[in-house]
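Here the structure is laid out as structure tokens; the discussion comes afterwards.
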Amino acid sequence: MSRRDSLKRHVPAPAWQGARALAGKQDAKGRLVDALATRREMRDAPVSATWKWNAVETQVRLALSHPDVACRVRIGEFEVASFSPARLAYLHREIFVALMYYFHAERPDPFIIDGGANIGVSVIFFKMLYPGARVLAFEPAERAYQLLGRNVGPLPGVELHRAALGRENAVVAFYEDQDDPGSLLQSTRRERLTAPRQTTVEQHRLSEFLDGQEVDLLKLDIEGAEQDVVEELADSGAIECVQQLIV
């Protein structure tokens, strides 16, 4: 069997047709090869065969899209809007292929807190992993939060807040990337970006949202403020509610 036929066996038909159309473009070919590696990388992953095939198809479709324009792509049963296919491909690979937020819950409806939800790919991951999950998500960047609302706002069991997390309730400086609204480096820490645009955002103490509830997973990806949040939880005693933590 030729390499071409071998590849064709593992790519959804519409995506393969797109791949042929772009065969002369070296950058697209490179992205396609990376996407096809998804199947090999997920061979021993603790998820279903359907999950693995969906991950391959999503990576291929993103690889065949123009890397620098806004897009909408299906991830499983969910339609996801993104600022660019390149950004979404990165998030999808980290979350759905590398399974960086994979965890085991003792109940079918875990309570998950997502600090730094960006455009919602992590929220979708949690809802696919546990459809009955309740997800409390925080995202301070204005334009990312707008897409977060579009992508996951209507989902049952999902609650969204445009806010940063920190030691105190306050209005704080927030630093945005003027050229990349989906940047994962936007933060309350100025040093995360070169020449950022300064705005302000509300900051909350996470402990005030827990009210004694058991948190099956606390995921924090908040660009330098993770230690502040964990220490605030420890000082308030609310850290005792957290069963698993991913930072």
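Identifiers for the structure tokens are assigned positionally: chains receive A, B, ... in sequence, residues are indexed from 1 per chain, and ligands are indexed from 1 in the order shown.
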_So that I can see what lies close to A:Gln178, please list as a list of chain:residue names the residues with an atom at most 12 Å from it, counting only C-alpha atoms and leaving out residues fewer than 6 positions away in the same chain._
A:Ala141, A:Glu142, A:Arg143, A:Leu185, A:Gln186, A:Leu193, A:Thr194, A:Ala195, A:Pro196, A:Arg197, A:Gln198, A:Thr199
Just write the chosen residues, N, CA and C atoms, as a tab-separated table (two decimals), in the first residue's frame.
```tsv
chain	number	residue	atom	x	y	z
A	141	ALA	N	-10.50	38.44	29.82
A	141	ALA	CA	-10.27	39.14	28.55
A	141	ALA	C	-11.60	39.36	27.82
A	142	GLU	N	-11.89	40.60	27.46
A	142	GLU	CA	-13.21	40.95	26.95
A	142	GLU	C	-13.58	40.18	25.69
A	143	ARG	N	-12.73	40.21	24.67
A	143	ARG	CA	-13.10	39.57	23.40
A	143	ARG	C	-13.10	38.04	23.53
A	185	LEU	N	-1.74	34.74	26.77
A	185	LEU	CA	-0.83	35.44	27.70
A	185	LEU	C	-1.47	36.67	28.32
A	186	GLN	N	-2.70	36.99	27.97
A	186	GLN	CA	-3.37	38.15	28.54
A	186	GLN	C	-3.57	37.91	30.04
A	193	LEU	N	3.20	40.18	28.61
A	193	LEU	CA	3.09	40.64	27.22
A	193	LEU	C	4.07	41.77	26.94
A	194	THR	N	4.46	41.88	25.67
A	194	THR	CA	5.25	43.01	25.21
A	194	THR	C	4.31	44.08	24.66
A	195	ALA	N	4.44	45.30	25.17
A	195	ALA	CA	3.61	46.43	24.72
A	195	ALA	C	2.12	46.12	24.75
A	196	PRO	N	1.58	45.70	25.90
A	196	PRO	CA	0.15	45.39	25.96
A	196	PRO	C	-0.71	46.64	26.06
A	197	ARG	N	-2.01	46.46	25.81
A	197	ARG	CA	-2.99	47.51	26.05
A	197	ARG	C	-3.56	47.32	27.45
A	198	GLN	N	-3.52	48.37	28.26
A	198	GLN	CA	-4.00	48.26	29.64
A	198	GLN	C	-5.48	48.62	29.72
A	199	THR	N	-6.24	47.75	30.35
A	199	THR	CA	-7.65	48.00	30.63
A	199	THR	C	-7.87	47.69	32.12
```
*Could you pull the residues within 7 Å of A:Gly182, counting only C-alpha atoms, minus those fewer than 2 positions along the same chain, as a list in words?*
Phe83, Ala144, Asp180 and Leu184 of chain A
Could you turn the residues from that selection into a file that holds N, CA and C atoms, as an mmCIF file, in the first residue's frame?
```
data_model
loop_
_atom_site.group_PDB
_atom_site.id
_atom_site.type_symbol
_atom_site.label_atom_id
_atom_site.label_comp_id
_atom_site.auth_asym_id
_atom_site.auth_seq_id
_atom_site.Cartn_x
_atom_site.Cartn_y
_atom_site.Cartn_z
ATOM 1 N N PHE A 83 -10.835 32.775 17.008
ATOM 2 C CA PHE A 83 -10.234 33.893 16.289
ATOM 3 C C PHE A 83 -9.401 33.418 15.112
ATOM 4 N N ALA A 144 -12.191 37.494 24.313
ATOM 5 C CA ALA A 144 -12.225 36.047 24.552
ATOM 6 C C ALA A 144 -13.509 35.669 25.275
ATOM 7 N N ASP A 180 -3.790 40.270 19.090
ATOM 8 C CA ASP A 180 -4.255 38.885 19.173
ATOM 9 C C ASP A 180 -5.254 38.755 20.322
ATOM 10 N N LEU A 184 -3.187 33.650 24.788
ATOM 11 C CA LEU A 184 -3.256 32.959 26.066
ATOM 12 C C LEU A 184 -2.384 33.624 27.119
#
```
*For A:Ala70, which of A:Ala234, A:Ala225, A:Val56, A:Leu147 is the closest residue, counting only C-alpha atoms?*
A:Leu147
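Contact shell of stretch 124-134 of chain A at 8 Å (only C-alpha atoms; same-chain neighbours under 4 positions omitted): Phe78, Ile95, Phe96, Pro108, Asp109, Pro110, Phe111, Ile112, Gly120, Val152, Gly157 and Val158 of chain A.
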Store the residues picked out above, limited to C-alpha atoms, as a CSV table (one decimal), in the first residue's frame.
```csv
chain,number,residue,atom,x,y,z
A,78,PHE,CA,-20.3,21.3,19.7
A,95,ILE,CA,-6.9,19.7,25.6
A,96,PHE,CA,-8.5,17.0,23.5
A,108,PRO,CA,-21.5,11.7,37.1
A,109,ASP,CA,-22.2,15.4,37.8
A,110,PRO,CA,-18.9,16.8,39.1
A,111,PHE,CA,-18.5,20.4,40.0
A,112,ILE,CA,-15.7,21.9,38.0
A,120,GLY,CA,-14.4,27.7,26.1
A,152,VAL,CA,-20.6,27.5,25.8
A,157,GLY,CA,-24.9,23.5,33.9
A,158,VAL,CA,-22.4,26.2,32.8
```
_Quick check for you: according to DSSP on this backbone, which residues of stretch 75-237 of chain A are classed as strand (DSSP E or B)? Reply as a count of residues only._
43
